[in-house]
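Next comes coords01.cif, a file with mmCIF, C-alpha atoms.
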data_model
#
loop_
_atom_site.label_atom_id
_atom_site.label_comp_id
_atom_site.auth_asym_id
_atom_site.auth_seq_id
_atom_site.Cartn_x
_atom_site.Cartn_y
_atom_site.Cartn_z
CA MET A 1 -28.38 -12.72 -66.24
CA THR A 2 -25.62 -10.82 -64.47
CA PRO A 3 -24.49 -7.38 -65.74
CA ARG A 4 -21.24 -8.97 -66.97
CA GLN A 5 -23.13 -11.71 -68.85
CA LYS A 6 -25.49 -9.13 -70.37
CA GLU A 7 -22.57 -7.03 -71.55
CA ARG A 8 -21.04 -10.03 -73.35
CA THR A 9 -24.24 -10.57 -75.38
CA SER A 10 -25.05 -6.88 -75.96
CA ILE A 11 -23.78 -3.87 -77.89
CA VAL A 12 -21.62 -1.68 -75.64
CA VAL A 13 -22.06 2.01 -76.46
CA LEU A 14 -19.80 4.66 -74.94
CA GLU A 15 -21.59 8.00 -74.66
CA ALA A 16 -18.92 10.70 -74.92
CA THR A 17 -20.64 12.88 -72.34
CA ARG A 18 -21.61 12.97 -68.69
CA PRO A 19 -24.23 10.41 -67.59
CA PRO A 20 -27.83 11.49 -66.90
CA ASP A 21 -27.92 13.51 -63.68
CA GLY A 22 -31.63 13.93 -62.94
CA THR A 23 -32.01 17.12 -64.94
CA THR A 24 -33.49 17.16 -68.42
CA ARG A 25 -30.76 16.60 -71.02
CA TYR A 26 -30.69 15.20 -74.53
CA ILE A 27 -28.78 12.14 -73.34
CA ASP A 28 -31.94 11.02 -71.51
CA GLN A 29 -33.68 10.58 -74.85
CA VAL A 30 -30.92 8.30 -76.07
CA VAL A 31 -30.54 5.97 -73.08
CA THR A 32 -33.89 5.90 -71.29
CA PHE A 33 -35.84 3.90 -73.85
CA ALA A 34 -33.05 2.12 -75.72
CA ASP A 35 -33.52 -1.57 -76.48
CA SER A 36 -32.46 -4.05 -73.82
CA ASP A 37 -29.44 -5.26 -75.81
CA ILE A 38 -27.77 -1.84 -75.65
CA VAL A 39 -25.41 -1.33 -72.71
CA PHE A 40 -24.33 2.27 -72.09
CA LYS A 41 -21.10 3.49 -70.59
CA TYR A 42 -19.87 7.06 -70.11
CA LEU A 43 -16.60 8.77 -70.84
CA SER A 44 -13.80 7.98 -68.40
CA LEU A 45 -10.32 6.46 -68.53
CA ARG A 46 -11.70 3.24 -67.06
CA THR A 47 -14.34 2.80 -69.75
CA LEU A 48 -11.88 3.63 -72.53
CA LEU A 49 -9.53 0.93 -71.29
CA SER A 50 -12.28 -1.65 -70.80
CA ARG A 51 -12.01 -4.79 -72.88
CA ARG A 52 -15.36 -4.38 -74.61
CA LEU A 53 -16.33 -1.27 -76.58
CA ASP A 54 -18.41 -1.49 -79.77
CA VAL A 55 -19.66 2.04 -80.51
CA VAL A 56 -18.73 5.53 -79.30
CA HIS A 57 -21.42 8.21 -79.60
CA PHE A 58 -20.47 11.91 -79.80
CA HIS A 59 -22.84 14.87 -79.29
CA TRP A 60 -20.84 18.12 -78.92
CA PRO A 61 -17.23 16.94 -79.39
CA GLU A 62 -15.88 20.49 -79.24
CA VAL A 63 -16.76 20.54 -75.53
CA LEU A 64 -14.20 17.79 -74.97
CA LEU A 65 -11.50 20.06 -76.40
CA ARG A 66 -12.14 23.21 -74.41
CA GLY A 67 -11.16 24.41 -70.97
CA SER A 68 -10.97 27.45 -68.73
CA ASN A 69 -7.22 27.99 -69.22
CA PHE A 70 -4.34 27.06 -71.52
CA ALA A 71 -3.15 24.14 -69.40
CA VAL A 72 -6.59 22.51 -69.32
CA ARG A 73 -7.09 23.04 -73.06
CA THR A 74 -3.70 21.53 -73.82
CA LEU A 75 -4.45 18.50 -71.66
CA ARG A 76 -7.81 18.01 -73.34
CA LEU A 77 -6.35 18.33 -76.83
CA GLY A 78 -3.87 15.61 -75.98
CA ALA A 79 -6.59 13.41 -74.51
CA PHE A 80 -8.74 13.87 -77.62
CA VAL A 81 -5.89 12.87 -79.92
CA ALA A 82 -5.30 9.79 -77.77
CA LEU A 83 -9.02 8.99 -77.97
CA ILE A 84 -9.03 9.19 -81.78
CA VAL A 85 -5.96 6.94 -81.98
CA LEU A 86 -7.52 4.44 -79.58
CA LEU A 87 -10.78 4.30 -81.55
CA ARG A 88 -8.87 3.68 -84.77
CA ILE A 89 -6.67 0.98 -83.30
CA ARG A 90 -9.64 -0.83 -81.76
CA ARG A 91 -11.80 -0.25 -84.86
CA VAL A 92 -14.68 1.12 -82.79
CA ALA A 93 -17.74 2.34 -84.72
CA VAL A 94 -18.31 6.09 -84.36
CA VAL A 95 -21.78 7.66 -84.28
CA ARG A 96 -22.13 11.43 -84.16
CA THR A 97 -25.36 13.34 -83.55
CA LEU A 98 -25.31 16.63 -85.48
CA HIS A 99 -26.87 19.05 -83.01
CA ASN A 100 -25.33 21.95 -84.93
CA LEU A 101 -23.61 22.33 -88.28
CA LYS A 102 -20.64 23.96 -86.55
CA PRO A 103 -19.76 24.94 -82.96
CA HIS A 104 -21.66 28.01 -81.74
CA GLU A 105 -18.49 29.53 -80.33
CA GLN A 106 -15.41 29.47 -82.55
CA GLY A 107 -12.46 27.43 -81.36
CA SER A 108 -8.83 27.19 -82.43
CA ARG A 109 -7.53 25.94 -85.77
CA ILE A 110 -6.23 22.82 -84.00
CA GLU A 111 -9.72 22.18 -82.64
CA ALA A 112 -11.24 22.60 -86.11
CA ARG A 113 -8.71 20.16 -87.55
CA LEU A 114 -9.42 17.53 -84.90
CA LEU A 115 -13.17 17.86 -85.43
CA SER A 116 -12.59 17.39 -89.15
CA VAL A 117 -10.61 14.22 -88.42
CA LEU A 118 -13.47 12.98 -86.26
CA ASP A 119 -15.96 13.64 -89.08
CA GLY A 120 -13.77 11.65 -91.43
CA MET A 121 -13.77 8.60 -89.18
CA THR A 122 -17.48 8.78 -88.27
CA THR A 123 -19.33 5.64 -89.32
CA LEU A 124 -22.84 7.10 -89.08
CA PHE A 125 -24.20 10.60 -88.53
CA VAL A 126 -27.53 11.28 -86.83
CA THR A 127 -29.53 14.29 -88.01
CA ILE A 128 -32.26 15.56 -85.71
CA ASN A 129 -34.15 17.67 -88.20
CA SER A 130 -35.16 17.16 -91.81
CA VAL A 131 -33.01 20.04 -93.09
CA THR A 132 -29.55 18.91 -91.99
CA VAL A 133 -27.29 17.49 -94.69
CA ALA A 134 -24.72 15.18 -93.10
CA PRO A 135 -21.16 14.88 -94.46
CA GLY A 136 -21.48 11.10 -94.70
CA ALA A 137 -23.81 8.15 -94.16
CA SER A 138 -26.67 9.28 -91.93
CA VAL A 139 -29.98 8.45 -90.32
CA HIS A 140 -32.69 10.90 -89.25
CA ILE A 141 -33.90 10.69 -85.63
CA PRO A 142 -36.19 13.58 -84.58
CA HIS A 143 -35.50 15.43 -81.33
CA GLY A 144 -37.99 14.05 -78.81
CA HIS A 145 -40.53 16.10 -76.89
CA TYR A 146 -40.61 16.52 -73.10
CA ARG A 147 -44.30 16.12 -72.37
CA ASP A 148 -43.90 12.92 -70.38
CA ARG A 149 -40.79 14.24 -68.66
CA PHE A 150 -42.59 17.32 -67.35
CA ALA A 151 -46.00 15.76 -66.71
CA GLY A 152 -45.55 15.59 -62.93
CA PHE A 153 -44.51 19.22 -62.39
CA GLN A 154 -46.82 22.06 -61.38
CA ARG A 155 -47.51 24.64 -64.06
CA ALA A 156 -47.70 28.33 -63.22
CA GLU A 157 -50.42 30.83 -63.95
CA VAL A 158 -49.77 32.82 -67.10
CA VAL A 159 -48.54 36.36 -66.49
CA PRO A 160 -50.00 38.65 -69.21
CA GLY A 161 -47.28 40.18 -71.33
CA ARG A 162 -44.50 38.00 -69.95
CA VAL A 163 -41.81 36.83 -72.38
CA VAL A 164 -39.28 34.28 -71.15
CA HIS A 165 -35.79 33.51 -72.40
CA ALA A 166 -34.55 30.25 -70.80
CA GLY A 167 -31.50 28.01 -71.03
CA LEU A 168 -27.78 28.62 -70.92
CA VAL A 169 -27.24 32.33 -71.60
CA ARG A 170 -24.56 32.62 -74.26
CA PRO A 171 -23.51 35.40 -76.69
CA TYR A 172 -24.85 33.62 -79.79
CA LYS A 173 -28.35 33.49 -78.30
CA GLY A 174 -29.06 37.17 -78.98
CA ILE A 175 -29.82 38.12 -75.39
CA GLU A 176 -28.47 41.68 -75.66
CA GLY A 177 -30.77 42.47 -78.59
CA LEU A 178 -33.72 40.94 -76.73
CA VAL A 179 -33.00 43.09 -73.66
CA GLU A 180 -32.89 46.22 -75.81
CA VAL A 181 -36.16 45.39 -77.56
CA ALA A 182 -37.96 44.49 -74.33
CA ALA A 183 -36.79 47.66 -72.60
CA GLY A 184 -38.53 49.72 -75.26
CA LEU A 185 -41.80 47.83 -74.84
CA ALA A 186 -42.44 48.61 -71.17
CA PRO A 187 -45.29 51.01 -72.12
CA GLU A 188 -46.91 48.13 -74.05
CA GLY A 189 -47.04 45.95 -70.94
CA VAL A 190 -44.27 43.60 -72.08
CA GLU A 191 -42.22 41.97 -69.31
CA LEU A 192 -38.99 40.07 -70.00
CA ARG A 193 -37.85 37.26 -67.72
CA ILE A 194 -34.39 35.74 -68.26
CA VAL A 195 -33.69 32.33 -66.71
CA GLY A 196 -30.41 30.46 -66.96
CA LYS A 197 -26.70 30.48 -66.23
CA PRO A 198 -24.86 33.23 -68.15
CA THR A 199 -21.27 33.97 -69.04
CA ALA A 200 -19.56 36.52 -66.77
CA GLU A 201 -19.95 39.30 -69.33
CA LEU A 202 -23.65 38.59 -69.95
CA ARG A 203 -24.26 38.43 -66.19
CA ARG A 204 -23.00 42.01 -66.02
CA VAL A 205 -25.08 43.13 -69.02
CA ILE A 206 -28.26 41.53 -67.72
CA GLY A 207 -27.67 42.83 -64.21
CA GLU A 208 -27.42 46.37 -65.53
CA ALA A 209 -30.62 45.90 -67.56
CA VAL A 210 -32.52 44.59 -64.53
CA ALA A 211 -31.37 47.58 -62.48
CA ALA A 212 -32.33 50.06 -65.20
CA HIS A 213 -35.69 48.67 -66.39
CA SER A 214 -38.58 47.68 -64.15
CA ASN A 215 -40.03 45.34 -66.80
CA ILE A 216 -36.91 43.12 -66.94
CA SER A 217 -36.13 40.49 -64.30
CA ALA A 218 -33.73 37.56 -64.18
CA ARG A 219 -32.81 34.37 -62.40
CA LEU A 220 -29.20 33.84 -63.45
CA GLU A 221 -28.51 30.27 -62.43
CA PHE A 222 -29.07 26.73 -63.58
CA VAL A 223 -32.58 25.76 -62.43
CA SER A 224 -34.22 22.45 -61.64
CA ASP A 225 -36.78 20.90 -63.97
CA ALA A 226 -39.59 21.87 -61.60
CA ASP A 227 -38.47 25.50 -61.60
CA LEU A 228 -37.94 25.47 -65.37
CA VAL A 229 -41.51 24.30 -65.90
CA SER A 230 -42.82 27.00 -63.58
CA GLU A 231 -40.78 29.74 -65.25
CA ILE A 232 -41.73 28.80 -68.81
CA THR A 233 -45.41 28.24 -68.14
CA SER A 234 -45.65 31.65 -66.47
CA ALA A 235 -44.99 33.19 -69.90
CA GLU A 236 -47.23 33.89 -72.83
CA LEU A 237 -44.26 33.52 -75.17
CA VAL A 238 -40.77 32.02 -75.13
CA CYS A 239 -38.33 34.14 -77.18
CA LEU A 240 -35.07 32.59 -78.40
CA PRO A 241 -33.55 35.15 -80.79
CA TYR A 242 -30.39 33.20 -81.56
CA SER A 243 -28.04 34.68 -84.14
CA GLU A 244 -28.02 31.24 -85.74
CA MET A 245 -30.51 28.43 -85.06
CA HIS A 246 -30.21 24.97 -86.51
CA ASN A 247 -31.52 22.92 -83.59
CA SER A 248 -32.70 23.95 -80.15
CA GLY A 249 -33.70 21.74 -77.28
CA MET A 250 -35.27 24.75 -75.54
CA VAL A 251 -37.71 25.17 -78.42
CA LEU A 252 -38.91 21.61 -77.81
CA VAL A 253 -39.08 22.27 -74.05
CA ALA A 254 -41.35 25.28 -74.63
CA LEU A 255 -43.59 23.49 -77.13
CA SER A 256 -43.84 20.48 -74.81
CA LEU A 257 -45.21 22.86 -72.19
CA ASP A 258 -47.69 24.37 -74.68
CA ARG A 259 -45.92 27.70 -74.97
CA PRO A 260 -45.47 29.37 -78.38
CA VAL A 261 -41.97 30.42 -79.36
CA LEU A 262 -40.44 33.31 -81.29
CA VAL A 263 -37.29 32.30 -83.16
CA PRO A 264 -35.27 33.43 -86.19
CA GLU A 265 -36.54 32.31 -89.58
CA THR A 266 -34.39 29.46 -90.91
CA GLY A 267 -34.98 26.31 -92.92
CA THR A 268 -35.18 24.40 -89.65
CA THR A 269 -37.70 26.67 -87.92
CA ASN A 270 -39.85 26.89 -91.06
CA ALA A 271 -40.00 23.09 -91.21
CA LEU A 272 -40.83 22.89 -87.50
CA ALA A 273 -43.66 25.43 -87.95
CA ARG A 274 -45.18 23.29 -90.70
CA GLU A 275 -44.94 20.22 -88.47
CA VAL A 276 -46.32 21.54 -85.18
CA GLY A 277 -48.59 24.34 -86.39
CA GLU A 278 -47.85 27.84 -87.60
CA GLY A 279 -49.24 29.60 -84.52
CA TRP A 280 -46.71 27.81 -82.31
CA VAL A 281 -43.49 28.71 -84.09
CA ASN A 282 -43.38 32.43 -84.82
CA ARG A 283 -40.39 33.64 -86.84
CA PHE A 284 -38.63 36.91 -87.53
CA ALA A 285 -36.19 37.79 -90.30
CA ASP A 286 -33.27 40.23 -90.30
CA GLY A 287 -33.05 40.68 -86.55
CA LEU A 288 -35.50 40.90 -83.67
CA THR A 289 -37.64 44.06 -83.58
CA GLU A 290 -40.24 45.49 -81.23
CA GLN A 291 -42.93 44.88 -83.84
CA ALA A 292 -41.92 41.22 -84.27
CA LEU A 293 -42.15 40.66 -80.52
CA LEU A 294 -45.54 42.37 -80.25
CA ASP A 295 -46.90 40.42 -83.23
CA ALA A 296 -45.75 37.13 -81.69
CA LEU A 297 -47.40 38.00 -78.37
CA ARG A 298 -50.68 38.73 -80.15
CA GLN A 299 -50.43 35.44 -82.01
CA ALA A 300 -49.67 33.62 -78.75
CA ARG A 301 -52.89 34.92 -77.23
CA LEU A 302 -54.81 33.45 -80.16
CA THR A 303 -52.92 30.15 -80.03
CA LEU A 304 -52.72 29.37 -76.32
CA PRO A 305 -56.36 28.78 -75.28
CA ASP A 306 -57.33 25.09 -75.48
CA SER A 307 -54.67 24.24 -78.06
CA HIS A 308 -51.57 22.07 -78.26
CA PRO A 309 -48.71 21.83 -80.77
CA ASN A 310 -48.52 18.66 -82.82
CA LEU A 311 -45.63 16.63 -81.38
CA GLN A 312 -46.97 13.16 -82.11
CA ASN A 313 -43.90 11.98 -84.03
CA ARG A 314 -41.46 12.86 -81.27
CA ASP A 315 -42.10 10.41 -78.43
CA TRP A 316 -39.09 9.14 -76.49
CA GLN A 317 -39.90 5.47 -77.04
CA ALA A 318 -39.50 5.96 -80.78
CA VAL A 319 -36.28 7.95 -80.29
CA GLY A 320 -34.82 5.18 -78.12
CA ARG A 321 -35.69 2.48 -80.65
CA MET A 322 -34.23 4.49 -83.55
CA TYR A 323 -30.97 5.10 -81.71
CA SER A 324 -30.71 1.41 -80.87
CA SER A 325 -31.12 0.63 -84.56
CA ALA A 326 -28.53 3.27 -85.47
CA PHE A 327 -25.96 1.74 -83.11
CA ARG A 328 -26.54 -1.70 -84.64
CA ARG A 329 -26.23 -0.28 -88.14
CA ALA A 330 -22.98 1.51 -87.32
CA LEU A 331 -21.49 -1.59 -85.72
CA ALA A 332 -22.48 -3.77 -88.68
CA ALA A 333 -20.95 -1.25 -91.10
CA ARG A 334 -17.72 -1.08 -89.11
CA ARG A 335 -17.41 -4.85 -88.91
CA GLY A 336 -18.20 -5.15 -92.60
CA ARG A 337 -15.48 -2.61 -93.42
CA ARG A 338 -13.01 -4.59 -91.37
CA LEU A 339 -13.88 -7.84 -93.14
CA ALA A 340 -13.50 -6.13 -96.50
CA GLN A 341 -10.06 -4.84 -95.51
CA ASN A 342 -9.08 -8.38 -94.53
CA GLY A 343 -10.22 -9.71 -97.89
CA GLU A 344 -13.04 -11.78 -96.41
CA LEU A 345 -15.90 -10.14 -98.30
CA GLY A 346 -16.40 -10.59 -101.99
CA CYS A 347 -17.97 -8.03 -104.30
CA GLN A 348 -21.72 -8.31 -104.73
#

Is it possible to express this structure as structure tokens?
Amino acid sequence: MTPRQKERTSIVVLEATRPPDGTTRYIDQVVTFADSDIVFKYLSLRTLLSRRLDVVHFHWPEVLLRGSNFAVRTLRLGAFVALIVLLRIRRVAVVRTLHNLKPHEQGSRIEARLLSVLDGMTTLFVTINSVTVAPGASVHIPHGHYRDRFAGFQRAEVVPGRVVHAGLVRPYKGIEGLVEVAAGLAPEGVELRIVGKPTAELRRVIGEAVAAHSNISARLEFVSDADLVSEITSAELVCLPYSEMHNSGMVLVALSLDRPVLVPETGTTNALAREVGEGWVNRFADGLTEQALLDALRQARLTLPDSHPNLQNRDWQAVGRMYSSAFRRALAARRGRRLAQNGELGCQ
């Protein structure tokens, strides 16, 4: 069967994001193990104008609305409005994965309005934890683990006292508070390692901390999967003191590499602790403190030896199958709605 023939007999899903690029991203979980009747395309003018489009799948739609300057933002706002109009005209089913309850970084009122419009036209929401309450019809698909993804990479020797903060370095992730706490724990043998690409302001803040404190080091760039594995497995503990945590892919990265985490106490993190094992998900309330970090390090030393978190319900094959089913469900619902509007469905 040729690609064109396959597309005619399949469900065509437009992923409103960049295609997989060889680094570990959530999109890999969606497309890698999807059923064979799902054909994926990625956001571009060409795909939007293609004759066949059944489902569009959004992850972080606010990203599509933002830009580095006013001109770019204006262009993207216009493009987003055109996209919404196009989806309505073509009656495309909309699936939205709720990674967060709201954007981490506040946008404009126009952005908020457009996101609200998108919510209103979403056929099916996907929640990735058991705590999220969707604003419409939904299905729960757990965030997959990364054990298989990282299996071929070399792990590092554990550095006693090392705490790692990894991932994109953004203001909402509590990095300034973590730096302050770690700086005060140098006499306790605590070493903080920050890995990831920061904003310009946080690059300055972290650079000053590295210069001032011998127990703080940083690698302020986007790193490969191999380097990410090495950096995380060199730590006794991964600390992610976000000001607000609903979901976090980095938590799953750390647990997949058998590294305990320290995170804020929320409904989500409490549920995750019950699932994977209390010693693996350490929580703090009312802000990160020196004592909370020391307690989590002590717990990590009890948890690490010959132990693994329970991630058995988060394999990628299951995630791929569940997303395939969600796309079919959304398409069936959208087609059913259209038939009802045309008067072709009777009441049952």

Using the chain letters and numbers from this file, what does the PyMOL selection byres ((chain A and resi 184) around 12) select? Give the answer as an mmCIF file with C-alpha atoms, in the frame of the given file.
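The resulting out.cif:
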data_model
loop_
_atom_site.group_PDB
_atom_site.id
_atom_site.type_symbol
_atom_site.label_atom_id
_atom_site.label_comp_id
_atom_site.auth_asym_id
_atom_site.auth_seq_id
_atom_site.Cartn_x
_atom_site.Cartn_y
_atom_site.Cartn_z
ATOM 1 C CA GLY A 177 -30.770 42.470 -78.590
ATOM 2 C CA LEU A 178 -33.720 40.940 -76.730
ATOM 3 C CA VAL A 179 -33.000 43.090 -73.660
ATOM 4 C CA GLU A 180 -32.890 46.220 -75.810
ATOM 5 C CA VAL A 181 -36.160 45.390 -77.560
ATOM 6 C CA ALA A 182 -37.960 44.490 -74.330
ATOM 7 C CA ALA A 183 -36.790 47.660 -72.600
ATOM 8 C CA LEU A 185 -41.800 47.830 -74.840
ATOM 9 C CA ALA A 186 -42.440 48.610 -71.170
ATOM 10 C CA PRO A 187 -45.290 51.010 -72.120
ATOM 11 C CA GLU A 188 -46.910 48.130 -74.050
ATOM 12 C CA GLY A 189 -47.040 45.950 -70.940
ATOM 13 C CA VAL A 190 -44.270 43.600 -72.080
ATOM 14 C CA GLU A 191 -42.220 41.970 -69.310
ATOM 15 C CA LEU A 192 -38.990 40.070 -70.000
ATOM 16 C CA ALA A 209 -30.620 45.900 -67.560
ATOM 17 C CA ALA A 212 -32.330 50.060 -65.200
ATOM 18 C CA HIS A 213 -35.690 48.670 -66.390
ATOM 19 C CA SER A 214 -38.580 47.680 -64.150
ATOM 20 C CA ASN A 215 -40.030 45.340 -66.800
ATOM 21 C CA ILE A 216 -36.910 43.120 -66.940
ATOM 22 C CA THR A 289 -37.640 44.060 -83.580
ATOM 23 C CA GLU A 290 -40.240 45.490 -81.230
ATOM 24 C CA GLN A 291 -42.930 44.880 -83.840
ATOM 25 C CA LEU A 293 -42.150 40.660 -80.520
ATOM 26 C CA LEU A 294 -45.540 42.370 -80.250
#

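Distance annotation: of A:Thr24, A:Ser116, A:Ser36, A:Asn313, the residue with the minimal separation from His143 (chain A) is A:Asn313; atom set is only C-alpha atoms.
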
Ala226 (chain A) environment, 9 Å, only C-alpha atoms, sequence neighbours closer than 6 positions dropped, as a PyMOL selection string: chain A and resi 150+152-155

For the file shown, what are the residues hit by the PyMOL selection byres ((chain A and resi 65-76) around 12), laid out as a PyMOL selection string? chain A and resi 60-64+77-83+103+105-115

Using all atoms listed in the file, what residues lie at most 6 Å away from (-27.6, -5.6, -79.5) (file coordinates), given as JSON, numbers by chain? {"A": [10, 11, 37, 38]}

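Take the candidates A:Ala333, A:Leu14, A:Val159, A:His57 and check each one against Val39 (chain A) using only C-alpha atoms; the shortest distance goes to A:Leu14.
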
Interatomic distance between CA of Leu118 (chain A) and CA of Ala330 (chain A)? 14.9 Å

Any chance you could work out the residue set of the PyMOL selection byres ((chain A and resi 193) around 8) here, as an NGL selection string? :A and (162-165 or 191-192 or 194-195 or 216-219)

As a check of understanding: the span from CA of Ala156 (chain A) to CA of Gly207 (chain A) is 24.7 Å

Check which residues of region 89-191 of chain A sit at most 9 Å from region 259-282 of chain A using all atoms listed in the file, and return one row each with the closest pair of atoms and their distance in Å to one decimal, ordered by chain and rising number, as JSON lines.
{"residue": "A:Asn129", "atom": "CA", "partner": "A:Thr268", "partner_atom": "CA", "distance": 7.0}
{"residue": "A:Ser130", "atom": "CA", "partner": "A:Thr268", "partner_atom": "CA", "distance": 7.6}
{"residue": "A:Val131", "atom": "CA", "partner": "A:Thr268", "partner_atom": "CA", "distance": 6.0}
{"residue": "A:Thr132", "atom": "CA", "partner": "A:Thr268", "partner_atom": "CA", "distance": 8.2}

Do you have the CA of Trp316 (chain A)-CA of Phe40 (chain A) distance handy? 16.9 Å

With distances taken over only C-alpha atoms, the candidate from A:Gly287, A:Pro305, A:Gly120, A:Gly174 nearest Leu240 (chain A) is A:Gly174

Using all atoms listed in the file, collect all residues at a distance of at most 8 Å from (-27.3, 29.0, -65.5) as written in the file, then present them as a ChimeraX atom specification. /A:167-169,195-198,220-223

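Closest approach to Thr233 (chain A) among A:Asp286, A:Glu157, A:Glu176, A:Asp315 is made by A:Glu157 (distances from all atoms listed in the file).
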
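Closest to Gly144 (chain A) among A:Asn247, A:Thr23, A:Val13, A:Arg328 is A:Asn247, based on all atoms listed in the file.
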
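If you measure from each of A:Ser50, A:Thr303, A:Gln29, A:Thr122 to Ile84 (chain A) using only C-alpha atoms, the closest one turns out to be A:Thr122.
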
Could you write region 174-193 of chain A as a PDB file, in the frame of the given file, with N, CA and C atoms rebuilt where they are missing?
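Once everything was written out, this is part18.pdb:
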ATOM      1  N   GLY A 174     -28.393  35.900 -78.701  1.00  0.00           N
ATOM      2  CA  GLY A 174     -29.060  37.170 -78.980  1.00  0.00           C
ATOM      3  C   GLY A 174     -29.689  37.857 -77.790  1.00  0.00           C
ATOM      4  N   ILE A 175     -29.179  37.602 -76.600  1.00  0.00           N
ATOM      5  CA  ILE A 175     -29.820  38.120 -75.390  1.00  0.00           C
ATOM      6  C   ILE A 175     -29.723  39.639 -75.306  1.00  0.00           C
ATOM      7  N   GLU A 176     -28.612  40.233 -75.770  1.00  0.00           N
ATOM      8  CA  GLU A 176     -28.470  41.680 -75.660  1.00  0.00           C
ATOM      9  C   GLU A 176     -29.494  42.405 -76.534  1.00  0.00           C
ATOM     10  N   GLY A 177     -29.742  41.882 -77.733  1.00  0.00           N
ATOM     11  CA  GLY A 177     -30.770  42.470 -78.590  1.00  0.00           C
ATOM     12  C   GLY A 177     -32.153  42.323 -77.993  1.00  0.00           C
ATOM     13  N   LEU A 178     -32.421  41.174 -77.366  1.00  0.00           N
ATOM     14  CA  LEU A 178     -33.720  40.940 -76.730  1.00  0.00           C
ATOM     15  C   LEU A 178     -33.939  41.923 -75.578  1.00  0.00           C
ATOM     16  N   VAL A 179     -32.902  42.145 -74.782  1.00  0.00           N
ATOM     17  CA  VAL A 179     -33.000  43.090 -73.660  1.00  0.00           C
ATOM     18  C   VAL A 179     -33.323  44.495 -74.183  1.00  0.00           C
ATOM     19  N   GLU A 180     -32.659  44.892 -75.244  1.00  0.00           N
ATOM     20  CA  GLU A 180     -32.890  46.220 -75.810  1.00  0.00           C
ATOM     21  C   GLU A 180     -34.315  46.367 -76.329  1.00  0.00           C
ATOM     22  N   VAL A 181     -34.795  45.336 -77.034  1.00  0.00           N
ATOM     23  CA  VAL A 181     -36.160  45.390 -77.560  1.00  0.00           C
ATOM     24  C   VAL A 181     -37.176  45.420 -76.431  1.00  0.00           C
ATOM     25  N   ALA A 182     -37.009  44.552 -75.432  1.00  0.00           N
ATOM     26  CA  ALA A 182     -37.960  44.490 -74.330  1.00  0.00           C
ATOM     27  C   ALA A 182     -38.000  45.781 -73.536  1.00  0.00           C
ATOM     28  N   ALA A 183     -36.844  46.413 -73.358  1.00  0.00           N
ATOM     29  CA  ALA A 183     -36.790  47.660 -72.600  1.00  0.00           C
ATOM     30  C   ALA A 183     -37.667  48.727 -73.242  1.00  0.00           C
ATOM     31  N   GLY A 184     -37.720  48.733 -74.566  1.00  0.00           N
ATOM     32  CA  GLY A 184     -38.530  49.720 -75.260  1.00  0.00           C
ATOM     33  C   GLY A 184     -40.014  49.425 -75.272  1.00  0.00           C
ATOM     34  N   LEU A 185     -40.395  48.231 -74.797  1.00  0.00           N
ATOM     35  CA  LEU A 185     -41.800  47.830 -74.840  1.00  0.00           C
ATOM     36  C   LEU A 185     -42.479  47.864 -73.470  1.00  0.00           C
ATOM     37  N   ALA A 186     -41.828  48.478 -72.490  1.00  0.00           N
ATOM     38  CA  ALA A 186     -42.440  48.610 -71.170  1.00  0.00           C
ATOM     39  C   ALA A 186     -43.809  49.292 -71.236  1.00  0.00           C
ATOM     40  N   PRO A 187     -43.971  50.360 -72.036  1.00  0.00           N
ATOM     41  CA  PRO A 187     -45.290  51.010 -72.120  1.00  0.00           C
ATOM     42  C   PRO A 187     -46.369  50.102 -72.708  1.00  0.00           C
ATOM     43  N   GLU A 188     -45.950  49.057 -73.451  1.00  0.00           N
ATOM     44  CA  GLU A 188     -46.910  48.130 -74.050  1.00  0.00           C
ATOM     45  C   GLU A 188     -47.267  46.981 -73.109  1.00  0.00           C
ATOM     46  N   GLY A 189     -46.741  47.010 -71.905  1.00  0.00           N
ATOM     47  CA  GLY A 189     -47.040  45.950 -70.940  1.00  0.00           C
ATOM     48  C   GLY A 189     -46.235  44.686 -71.128  1.00  0.00           C
ATOM     49  N   VAL A 190     -45.122  44.765 -71.857  1.00  0.00           N
ATOM     50  CA  VAL A 190     -44.270  43.600 -72.080  1.00  0.00           C
ATOM     51  C   VAL A 190     -43.266  43.464 -70.931  1.00  0.00           C
ATOM     52  N   GLU A 191     -43.147  42.269 -70.405  1.00  0.00           N
ATOM     53  CA  GLU A 191     -42.220  41.970 -69.310  1.00  0.00           C
ATOM     54  C   GLU A 191     -41.280  40.862 -69.746  1.00  0.00           C
ATOM     55  N   LEU A 192     -39.988  41.074 -69.622  1.00  0.00           N
ATOM     56  CA  LEU A 192     -38.990  40.070 -70.000  1.00  0.00           C
ATOM     57  C   LEU A 192     -38.438  39.390 -68.754  1.00  0.00           C
ATOM     58  N   ARG A 193     -38.404  38.060 -68.798  1.00  0.00           N
ATOM     59  CA  ARG A 193     -37.850  37.260 -67.720  1.00  0.00           C
ATOM     60  C   ARG A 193     -36.751  36.379 -68.303  1.00  0.00           C
TER      61      ARG A 193
END
